[in-house]
file run_32.json (JSON, C-alpha atoms)
[["chain", "number", "residue", "atom", "x", "y", "z"],
["A", 1, "MET", "CA", 63.57, 96.20, -23.85],
["A", 2, "THR", "CA", 63.29, 93.15, -21.63],
["A", 3, "THR", "CA", 64.61, 92.69, -18.13],
["A", 4, "ASN", "CA", 65.51, 89.48, -16.35],
["A", 5, "ARG", "CA", 63.32, 89.09, -13.29],
["A", 6, "ARG", "CA", 64.56, 86.96, -10.45],
["A", 7, "PRO", "CA", 62.07, 84.58, -8.89],
["A", 8, "SER", "CA", 60.70, 85.80, -5.59],
["A", 9, "PRO", "CA", 62.05, 84.18, -2.39],
["A", 10, "ARG", "CA", 58.61, 82.79, -1.61],
["A", 11, "ARG", "CA", 58.34, 81.12, -5.02],
["A", 12, "ALA", "CA", 61.87, 79.74, -4.74],
["A", 13, "LEU", "CA", 61.00, 78.35, -1.31],
["A", 14, "ARG", "CA", 57.91, 76.62, -2.69],
["A", 15, "ARG", "CA", 60.00, 74.99, -5.41],
["A", 16, "LEU", "CA", 62.68, 73.79, -2.98],
["A", 17, "PRO", "CA", 60.98, 70.45, -2.10],
["A", 18, "LEU", "CA", 60.39, 69.72, -5.78],
["A", 19, "ASN", "CA", 64.01, 70.47, -6.65],
["A", 20, "ALA", "CA", 65.22, 68.38, -3.73],
["A", 21, "ALA", "CA", 63.04, 65.45, -4.83],
["A", 22, "ALA", "CA", 64.34, 65.77, -8.40],
["A", 23, "GLY", "CA", 67.94, 65.83, -7.19],
["A", 24, "LEU", "CA", 67.36, 62.80, -4.97],
["A", 25, "THR", "CA", 65.80, 60.93, -7.89],
["A", 26, "VAL", "CA", 68.80, 61.68, -10.09],
["A", 27, "VAL", "CA", 71.20, 60.46, -7.40],
["A", 28, "ILE", "CA", 69.23, 57.24, -6.88],
["A", 29, "CYS", "CA", 69.12, 56.53, -10.62],
["A", 30, "LEU", "CA", 72.79, 57.30, -11.25],
["A", 31, "PHE", "CA", 74.25, 55.57, -8.20],
["A", 32, "PRO", "CA", 74.05, 52.02, -9.67],
["A", 33, "VAL", "CA", 75.86, 53.26, -12.78],
["A", 34, "TYR", "CA", 78.51, 54.94, -10.64],
["A", 35, "TRP", "CA", 78.95, 51.77, -8.56],
["A", 36, "MET", "CA", 79.27, 49.65, -11.70],
["A", 37, "VAL", "CA", 81.99, 51.86, -13.17],
["A", 38, "THR", "CA", 83.94, 52.24, -9.91],
["A", 39, "THR", "CA", 83.75, 48.50, -9.24],
["A", 40, "ALA", "CA", 85.17, 47.85, -12.70],
["A", 41, "LEU", "CA", 88.09, 50.13, -11.83],
["A", 42, "LYS", "CA", 88.81, 48.66, -8.39],
["A", 43, "PRO", "CA", 91.45, 45.97, -7.80],
["A", 44, "SER", "CA", 90.01, 42.57, -6.90],
["A", 45, "ARG", "CA", 91.15, 42.86, -3.29],
["A", 46, "ASP", "CA", 89.10, 46.06, -2.83],
["A", 47, "ILE", "CA", 86.02, 44.55, -4.47],
["A", 48, "GLN", "CA", 86.09, 41.65, -1.98],
["A", 49, "SER", "CA", 86.80, 43.89, 0.99],
["A", 50, "TYR", "CA", 84.38, 43.88, 3.93],
["A", 51, "GLU", "CA", 84.61, 47.69, 4.04],
["A", 52, "PRO", "CA", 83.19, 49.06, 0.77],
["A", 53, "ARG", "CA", 84.32, 52.53, -0.24],
["A", 54, "LEU", "CA", 82.47, 54.99, -2.44],
["A", 55, "VAL", "CA", 85.76, 56.28, -3.86],
["A", 56, "PRO", "CA", 88.32, 53.57, -4.75],
["A", 57, "ARG", "CA", 91.70, 53.88, -3.09],
["A", 58, "ALA", "CA", 93.42, 52.42, -6.16],
["A", 59, "TRP", "CA", 92.53, 52.25, -9.85],
["A", 60, "THR", "CA", 93.18, 49.53, -12.38],
["A", 61, "PHE", "CA", 92.15, 48.69, -15.95],
["A", 62, "ASP", "CA", 92.93, 44.99, -15.60],
["A", 63, "HIS", "CA", 89.23, 44.08, -15.52],
["A", 64, "PHE", "CA", 88.60, 45.94, -18.78],
["A", 65, "ARG", "CA", 91.51, 44.15, -20.44],
["A", 66, "ALA", "CA", 90.18, 40.80, -19.18],
["A", 67, "ALA", "CA", 86.71, 41.61, -20.56],
["A", 68, "VAL", "CA", 87.99, 42.66, -23.98],
["A", 69, "GLN", "CA", 90.26, 39.62, -24.19],
["A", 70, "ALA", "CA", 87.51, 37.20, -23.10],
["A", 71, "ASP", "CA", 86.43, 34.52, -25.55],
["A", 72, "GLY", "CA", 83.75, 35.74, -27.91],
["A", 73, "PHE", "CA", 83.79, 39.44, -27.02],
["A", 74, "THR", "CA", 84.45, 40.69, -30.55],
["A", 75, "LEU", "CA", 82.11, 38.12, -32.12],
["A", 76, "PHE", "CA", 79.23, 38.78, -29.74],
["A", 77, "TRP", "CA", 79.73, 42.53, -30.09],
["A", 78, "ARG", "CA", 79.42, 42.19, -33.85],
["A", 79, "ASN", "CA", 76.31, 40.01, -33.47],
["A", 80, "SER", "CA", 74.62, 42.55, -31.22],
["A", 81, "ILE", "CA", 75.40, 45.46, -33.53],
["A", 82, "LEU", "CA", 74.21, 43.52, -36.59],
["A", 83, "VAL", "CA", 70.96, 42.34, -35.03],
["A", 84, "THR", "CA", 70.14, 45.67, -33.39],
["A", 85, "LEU", "CA", 70.77, 47.88, -36.42],
["A", 86, "SER", "CA", 68.96, 45.47, -38.76],
["A", 87, "ALA", "CA", 65.89, 45.37, -36.51],
["A", 88, "VAL", "CA", 65.80, 49.17, -36.11],
["A", 89, "LEU", "CA", 66.19, 49.89, -39.81],
["A", 90, "LEU", "CA", 63.58, 47.29, -40.75],
["A", 91, "ALA", "CA", 61.12, 48.68, -38.19],
["A", 92, "LEU", "CA", 61.64, 52.24, -39.45],
["A", 93, "LEU", "CA", 61.10, 51.20, -43.07],
["A", 94, "VAL", "CA", 57.89, 49.27, -42.42],
["A", 95, "ALA", "CA", 56.52, 51.70, -39.84],
["A", 96, "LEU", "CA", 57.08, 54.69, -42.11],
["A", 97, "GLY", "CA", 54.80, 53.20, -44.76],
["A", 98, "ALA", "CA", 52.18, 52.10, -42.23],
["A", 99, "ALA", "CA", 52.21, 55.45, -40.40],
["A", 100, "TYR", "CA", 51.83, 57.38, -43.68],
["A", 101, "ALA", "CA", 48.90, 55.20, -44.74],
["A", 102, "VAL", "CA", 47.14, 55.77, -41.41],
["A", 103, "ALA", "CA", 47.85, 59.50, -41.18],
["A", 104, "ARG", "CA", 47.27, 60.56, -44.79],
["A", 105, "LEU", "CA", 44.98, 58.03, -46.46],
["A", 106, "ARG", "CA", 41.36, 57.23, -45.73],
["A", 107, "TRP", "CA", 40.53, 53.55, -45.94],
["A", 108, "ARG", "CA", 38.15, 51.12, -44.29],
["A", 109, "GLY", "CA", 39.55, 49.56, -41.12],
["A", 110, "ARG", "CA", 42.04, 52.34, -40.41],
["A", 111, "ARG", "CA", 40.90, 52.83, -36.81],
["A", 112, "GLN", "CA", 40.77, 49.10, -36.19],
["A", 113, "PHE", "CA", 44.32, 48.83, -37.47],
["A", 114, "MET", "CA", 45.54, 51.49, -35.02],
["A", 115, "LEU", "CA", 43.65, 49.77, -32.21],
["A", 116, "ALA", "CA", 45.45, 46.53, -33.04],
["A", 117, "VAL", "CA", 48.77, 48.42, -33.01],
["A", 118, "PHE", "CA", 48.03, 49.87, -29.56],
["A", 119, "ILE", "CA", 47.07, 46.42, -28.25],
["A", 120, "ALA", "CA", 50.30, 44.97, -29.63],
["A", 121, "GLN", "CA", 52.22, 47.78, -27.94],
["A", 122, "MET", "CA", 50.60, 47.03, -24.56],
["A", 123, "ALA", "CA", 51.03, 43.25, -24.76],
["A", 124, "PRO", "CA", 53.88, 41.82, -22.63],
["A", 125, "TRP", "CA", 56.31, 40.24, -25.08],
["A", 126, "GLU", "CA", 57.52, 37.78, -22.46],
["A", 127, "SER", "CA", 54.17, 35.99, -22.77],
["A", 128, "LEU", "CA", 55.03, 35.09, -26.38],
["A", 129, "ILE", "CA", 58.29, 33.31, -25.61],
["A", 130, "ILE", "CA", 56.82, 29.81, -25.81],
["A", 131, "PRO", "CA", 54.81, 30.36, -29.07],
["A", 132, "ILE", "CA", 57.78, 32.04, -30.74],
["A", 133, "TYR", "CA", 60.10, 29.27, -29.61],
["A", 134, "ILE", "CA", 57.75, 26.59, -30.99],
["A", 135, "ILE", "CA", 57.41, 28.42, -34.31],
["A", 136, "ALA", "CA", 61.18, 28.86, -34.59],
["A", 137, "ARG", "CA", 61.76, 25.21, -33.73],
["A", 138, "ASP", "CA", 59.21, 23.90, -36.23],
["A", 139, "THR", "CA", 60.53, 26.14, -39.03],
["A", 140, "ASP", "CA", 64.18, 25.30, -38.31],
["A", 141, "MET", "CA", 64.93, 28.90, -37.31],
["A", 142, "LEU", "CA", 66.54, 28.26, -33.94],
["A", 143, "ASP", "CA", 70.17, 29.31, -33.37],
["A", 144, "ARG", "CA", 70.05, 31.91, -36.15],
["A", 145, "LEU", "CA", 70.59, 35.65, -35.96],
["A", 146, "PRO", "CA", 67.82, 36.47, -38.49],
["A", 147, "THR", "CA", 65.34, 34.98, -36.01],
["A", 148, "LEU", "CA", 66.43, 37.42, -33.32],
["A", 149, "THR", "CA", 66.26, 40.24, -35.85],
["A", 150, "LEU", "CA", 62.65, 39.41, -36.70],
["A", 151, "VAL", "CA", 61.70, 39.16, -33.00],
["A", 152, "TYR", "CA", 63.25, 42.53, -32.17],
["A", 153, "PHE", "CA", 61.59, 43.99, -35.27],
["A", 154, "MET", "CA", 58.18, 42.83, -34.00],
["A", 155, "ILE", "CA", 58.87, 44.25, -30.53],
["A", 156, "THR", "CA", 59.83, 47.72, -31.75],
["A", 157, "LEU", "CA", 57.37, 48.03, -34.66],
["A", 158, "PRO", "CA", 54.16, 49.07, -32.77],
["A", 159, "PHE", "CA", 55.87, 51.92, -30.90],
["A", 160, "THR", "CA", 57.52, 53.11, -34.11],
["A", 161, "VAL", "CA", 54.18, 53.17, -35.96],
["A", 162, "VAL", "CA", 52.46, 55.15, -33.19],
["A", 163, "VAL", "CA", 55.17, 57.82, -32.94],
["A", 164, "LEU", "CA", 55.66, 58.28, -36.68],
["A", 165, "ARG", "CA", 51.91, 58.40, -37.27],
["A", 166, "GLY", "CA", 51.64, 61.30, -34.82],
["A", 167, "PHE", "CA", 54.49, 63.13, -36.52],
["A", 168, "ILE", "CA", 53.13, 62.69, -40.03],
["A", 169, "ALA", "CA", 49.67, 63.80, -38.90],
["A", 170, "GLY", "CA", 51.26, 66.94, -37.46],
["A", 171, "ILE", "CA", 52.72, 67.99, -40.81],
["A", 172, "PRO", "CA", 50.22, 70.11, -42.81],
["A", 173, "PRO", "CA", 49.14, 68.14, -45.88],
["A", 174, "GLU", "CA", 49.04, 71.40, -47.84],
["A", 175, "LEU", "CA", 52.84, 71.28, -48.04],
["A", 176, "GLU", "CA", 52.73, 68.00, -49.94],
["A", 177, "GLU", "CA", 49.80, 69.17, -52.05],
["A", 178, "ALA", "CA", 51.78, 72.24, -53.10],
["A", 179, "ALA", "CA", 54.70, 70.05, -54.13],
["A", 180, "GLN", "CA", 52.31, 67.85, -56.16],
["A", 181, "VAL", "CA", 50.95, 70.94, -57.91],
["A", 182, "ASP", "CA", 54.54, 71.76, -58.88],
["A", 183, "GLY", "CA", 54.88, 68.36, -60.55],
["A", 184, "CYS", "CA", 55.97, 65.98, -57.78],
["A", 185, "THR", "CA", 54.34, 62.60, -57.37],
["A", 186, "ARG", "CA", 52.83, 61.64, -54.01],
["A", 187, "VAL", "CA", 55.97, 59.69, -53.14],
["A", 188, "GLY", "CA", 58.22, 62.49, -54.36],
["A", 189, "ALA", "CA", 56.31, 65.10, -52.36],
["A", 190, "PHE", "CA", 56.60, 63.01, -49.22],
["A", 191, "ARG", "CA", 60.31, 62.37, -49.75],
["A", 192, "ARG", "CA", 61.20, 65.99, -50.47],
["A", 193, "VAL", "CA", 58.81, 67.85, -48.15],
["A", 194, "ALA", "CA", 57.52, 65.69, -45.30],
["A", 195, "PHE", "CA", 60.40, 63.30, -44.76],
["A", 196, "PRO", "CA", 62.95, 65.98, -43.72],
["A", 197, "LEU", "CA", 60.48, 67.19, -41.08],
["A", 198, "LEU", "CA", 60.29, 63.72, -39.54],
["A", 199, "ALA", "CA", 63.84, 63.80, -38.16],
["A", 200, "PRO", "CA", 62.82, 64.14, -34.46],
["A", 201, "GLY", "CA", 60.35, 61.28, -34.74],
["A", 202, "LEU", "CA", 62.85, 59.07, -36.55],
["A", 203, "MET", "CA", 65.49, 59.82, -33.92],
["A", 204, "ALA", "CA", 63.15, 59.07, -31.01],
["A", 205, "THR", "CA", 61.97, 55.77, -32.45],
["A", 206, "SER", "CA", 65.51, 54.79, -33.44],
["A", 207, "LEU", "CA", 66.72, 55.37, -29.88],
["A", 208, "PHE", "CA", 63.87, 53.34, -28.41],
["A", 209, "GLY", "CA", 64.41, 50.49, -30.86],
["A", 210, "PHE", "CA", 68.17, 50.48, -30.35],
["A", 211, "ILE", "CA", 67.99, 50.35, -26.56],
["A", 212, "THR", "CA", 65.24, 47.71, -26.60],
["A", 213, "ALA", "CA", 67.05, 45.39, -29.00],
["A", 214, "TRP", "CA", 70.49, 46.04, -27.52],
["A", 215, "ASN", "CA", 69.45, 45.17, -23.95],
["A", 216, "GLU", "CA", 67.16, 42.23, -24.73],
["A", 217, "PHE", "CA", 68.27, 39.02, -22.99],
["A", 218, "THR", "CA", 65.38, 36.58, -22.74],
["A", 219, "TYR", "CA", 64.79, 35.84, -26.42],
["A", 220, "ALA", "CA", 68.51, 35.80, -27.16],
["A", 221, "ASN", "CA", 68.96, 33.19, -24.41],
["A", 222, "PHE", "CA", 66.04, 30.98, -25.45],
["A", 223, "LEU", "CA", 66.33, 31.13, -29.24],
["A", 224, "ILE", "CA", 70.13, 30.72, -29.44],
["A", 225, "ILE", "CA", 70.85, 27.46, -27.62],
["A", 226, "LYS", "CA", 73.39, 25.34, -29.48],
["A", 227, "GLN", "CA", 75.24, 27.81, -31.69],
["A", 228, "GLN", "CA", 77.34, 29.75, -29.20],
["A", 229, "ASP", "CA", 78.79, 31.89, -32.01],
["A", 230, "SER", "CA", 75.33, 33.36, -32.68],
["A", 231, "ARG", "CA", 74.80, 34.75, -29.20],
["A", 232, "THR", "CA", 74.67, 38.44, -28.35],
["A", 233, "LEU", "CA", 76.35, 40.54, -25.68],
["A", 234, "PRO", "CA", 73.58, 40.31, -23.02],
["A", 235, "VAL", "CA", 73.99, 36.53, -23.01],
["A", 236, "TRP", "CA", 77.77, 36.88, -23.04],
["A", 237, "LEU", "CA", 77.58, 38.99, -19.87],
["A", 238, "SER", "CA", 76.23, 36.02, -17.95],
["A", 239, "SER", "CA", 79.31, 33.94, -18.80],
["A", 240, "PHE", "CA", 81.69, 35.39, -16.20],
["A", 241, "GLN", "CA", 81.14, 32.55, -13.79],
["A", 242, "THR", "CA", 83.94, 30.46, -12.34],
["A", 243, "THR", "CA", 84.06, 27.51, -9.98],
["A", 244, "PHE", "CA", 84.71, 30.02, -7.21],
["A", 245, "GLY", "CA", 81.78, 32.30, -8.01],
["A", 246, "THR", "CA", 81.27, 35.42, -10.12],
["A", 247, "ASP", "CA", 84.20, 37.50, -11.29],
["A", 248, "TRP", "CA", 82.62, 40.79, -10.28],
["A", 249, "GLY", "CA", 85.41, 43.03, -11.52],
["A", 250, "THR", "CA", 85.33, 41.64, -15.05],
["A", 251, "THR", "CA", 81.53, 41.47, -15.00],
["A", 252, "MET", "CA", 81.26, 45.15, -14.11],
["A", 253, "ALA", "CA", 83.88, 46.07, -16.72],
["A", 254, "ALA", "CA", 82.00, 44.09, -19.37],
["A", 255, "SER", "CA", 78.74, 45.73, -18.29],
["A", 256, "THR", "CA", 80.32, 49.17, -18.64],
["A", 257, "LEU", "CA", 81.53, 48.34, -22.14],
["A", 258, "PHE", "CA", 78.09, 46.96, -22.94],
["A", 259, "ALA", "CA", 76.39, 50.18, -21.82],
["A", 260, "LEU", "CA", 78.64, 52.50, -23.84],
["A", 261, "PRO", "CA", 76.96, 52.10, -27.28],
["A", 262, "ALA", "CA", 73.49, 52.85, -25.88],
["A", 263, "LEU", "CA", 74.89, 55.85, -23.99],
["A", 264, "ILE", "CA", 76.62, 57.17, -27.10],
["A", 265, "VAL", "CA", 73.45, 56.79, -29.19],
["A", 266, "PHE", "CA", 71.39, 58.56, -26.52],
["A", 267, "LEU", "CA", 73.81, 61.48, -26.24],
["A", 268, "ALA", "CA", 73.86, 61.81, -30.03],
["A", 269, "LEU", "CA", 70.06, 61.83, -30.34],
["A", 270, "GLN", "CA", 68.95, 63.43, -27.07],
["A", 271, "ARG", "CA", 68.03, 66.77, -28.66],
["A", 272, "HIS", "CA", 65.38, 65.07, -30.78],
["A", 273, "VAL", "CA", 64.06, 62.56, -28.26],
["A", 274, "THR", "CA", 61.83, 64.84, -26.16],
["A", 275, "SER", "CA", 60.21, 66.59, -29.11],
["A", 276, "GLY", "CA", 59.82, 63.29, -30.92],
["A", 277, "LEU", "CA", 58.07, 61.51, -28.07],
["A", 278, "THR", "CA", 55.87, 64.53, -27.28],
["A", 279, "ALA", "CA", 54.77, 65.06, -30.87],
["A", 280, "GLY", "CA", 54.08, 61.38, -31.34],
["A", 281, "GLY", "CA", 51.93, 61.32, -28.24],
["A", 282, "VAL", "CA", 49.73, 64.40, -28.73],
["A", 283, "LYS", "CA", 49.43, 65.01, -32.46],
["A", 284, "GLY", "CA", 47.11, 63.39, -34.95]]
call {"tool": "encode", "arguments": {"input": "run_32.json", "output": "structure tokens"}}
result
Amino acid sequence: MTTNRRPSPRRALRRLPLNAAAGLTVVICLFPVYWMVTTALKPSRDIQSYEPRLVPRAWTFDHFRAAVQADGFTLFWRNSILVTLSAVLLALLVALGAAYAVARLRWRGRRQFMLAVFIAQMAPWESLIIPIYIIARDTDMLDRLPTLTLVYFMITLPFTVVVLRGFIAGIPPELEEAAQVDGCTRVGAFRRVAFPLLAPGLMATSLFGFITAWNEFTYANFLIIKQQDSRTLPVWLSSFQTTFGTDWGTTMAASTLFALPALIVFLALQRHVTSGLTAGGVKG
């Protein structure tokens, strides 16, 4: 028989500063999101008011209608979804094979390979803008969505390999060996035994890859120059400029719509993210 013990007042008092700091951090992180959403719902006269209010006095969806009806919204939304999902799926497919080879097989250069992966993960991708642009220009790959897909694939691949390698190393190899004794091939044993146990790692890496590719602006702006129809939503967000300045209401509404897919994916995968990142960081 177990009893629920309440924390002592002294212990609760010691934890009060930590809880207060955590609450303050949450408020600071969420306030920009709150301001973005409320600004998108404010009438234009309230947005331009000299007396900003935390709670709007009036609500309107006109800015959301203007954002949805803007030129290129549907096309750029489709481009972003296509490029992001293609890059994530390609990274998962390649990283799964690489992570399995590193975690399960013994071959010369295995440690050097993982060292190269870690170095690639630490390298700032902004420093490669000029080389990638020159390569894309010389190979006639500018203004094409497959080019963005390959760039986002390269950005997300090292992290995906590291996390999946830790997860595969954490699965006892005896499980696959038992399946092989029962008649499965090495590939069949991995597919039927180990692969179902990789769900948290796959979810964590998918979320990271999705958010990285979905939010990326620099490469999309530099590699898609002439073909406006091949641009993605981050570049489209910078188009709400008029001769009188920035249309802040429509910009905030478009930013809210842009953030929704990443938020939905995070809420759908959040149960697996913590365990996936932790296992990928400490196992193997």
call {"tool": "residues_around", "arguments": {"input": "run_32.json", "residues": "range 234-240 of chain A", "least_positions_apart": "4", "cutoff": "8 Å", "atoms": "only C-alpha atoms", "output": "ChimeraX atom specification"}}
result
/A:72-73,76,214-217,220-221,246-247,250-251,254-255
call {"tool": "residues_around", "arguments": {"input": "run_32.json", "residues": "Tyr133 in chain A", "least_positions_apart": "2", "cutoff": "9 Å", "atoms": "all atoms listed in the file", "output": "list in words"}}
result
Leu128, Ile129, Ile130, Pro131, Ile135, Ala136, Arg137, Asp138, Leu142, Tyr219, Phe222 and Leu223 of chain A
call {"tool": "closest_residue", "arguments": {"input": "run_32.json", "among": "A:Ala179, A:Met141, A:Met122, A:Leu164", "to": "Gln227 in chain A", "atoms": "only C-alpha atoms"}}
result
A:Met141
call {"tool": "closest_residue", "arguments": {"input": "run_32.json", "among": "A:Ile168, A:Tyr34, A:Ala22, A:Ile225", "to": "Leu105 in chain A", "atoms": "all atoms listed in the file"}}
result
A:Ile168
call {"tool": "atom_distance", "arguments": {"input": "run_32.json", "atom1": "CA of Ile224 in chain A", "atom2": "CA of Thr149 in chain A"}}
result
12.1 Å
call {"tool": "closest_residue", "arguments": {"input": "run_32.json", "among": "A:Ala204, A:Met252, A:Leu145, A:Ala103", "to": "Phe266 in chain A", "atoms": "only C-alpha atoms"}}
result
A:Ala204
call {"tool": "atom_distance", "arguments": {"input": "run_32.json", "atom1": "CA of Pro196 in chain A", "atom2": "CA of Pro173 in chain A"}}
result
14.1 Å
call {"tool": "atom_distance", "arguments": {"input": "run_32.json", "atom1": "CA of Trp59 in chain A", "atom2": "CA of Leu41 in chain A"}}
result
5.3 Å
call {"tool": "closest_residue", "arguments": {"input": "run_32.json", "among": "A:Thr160, A:Thr139, A:Thr147, A:Thr84", "to": "Gln121 in chain A", "atoms": "all atoms listed in the file"}}
result
A:Thr160
call {"tool": "closest_residue", "arguments": {"input": "run_32.json", "among": "A:Ile132, A:Leu197, A:Leu96, A:Val26", "to": "Thr218 in chain A", "atoms": "all atoms listed in the file"}}
result
A:Ile132
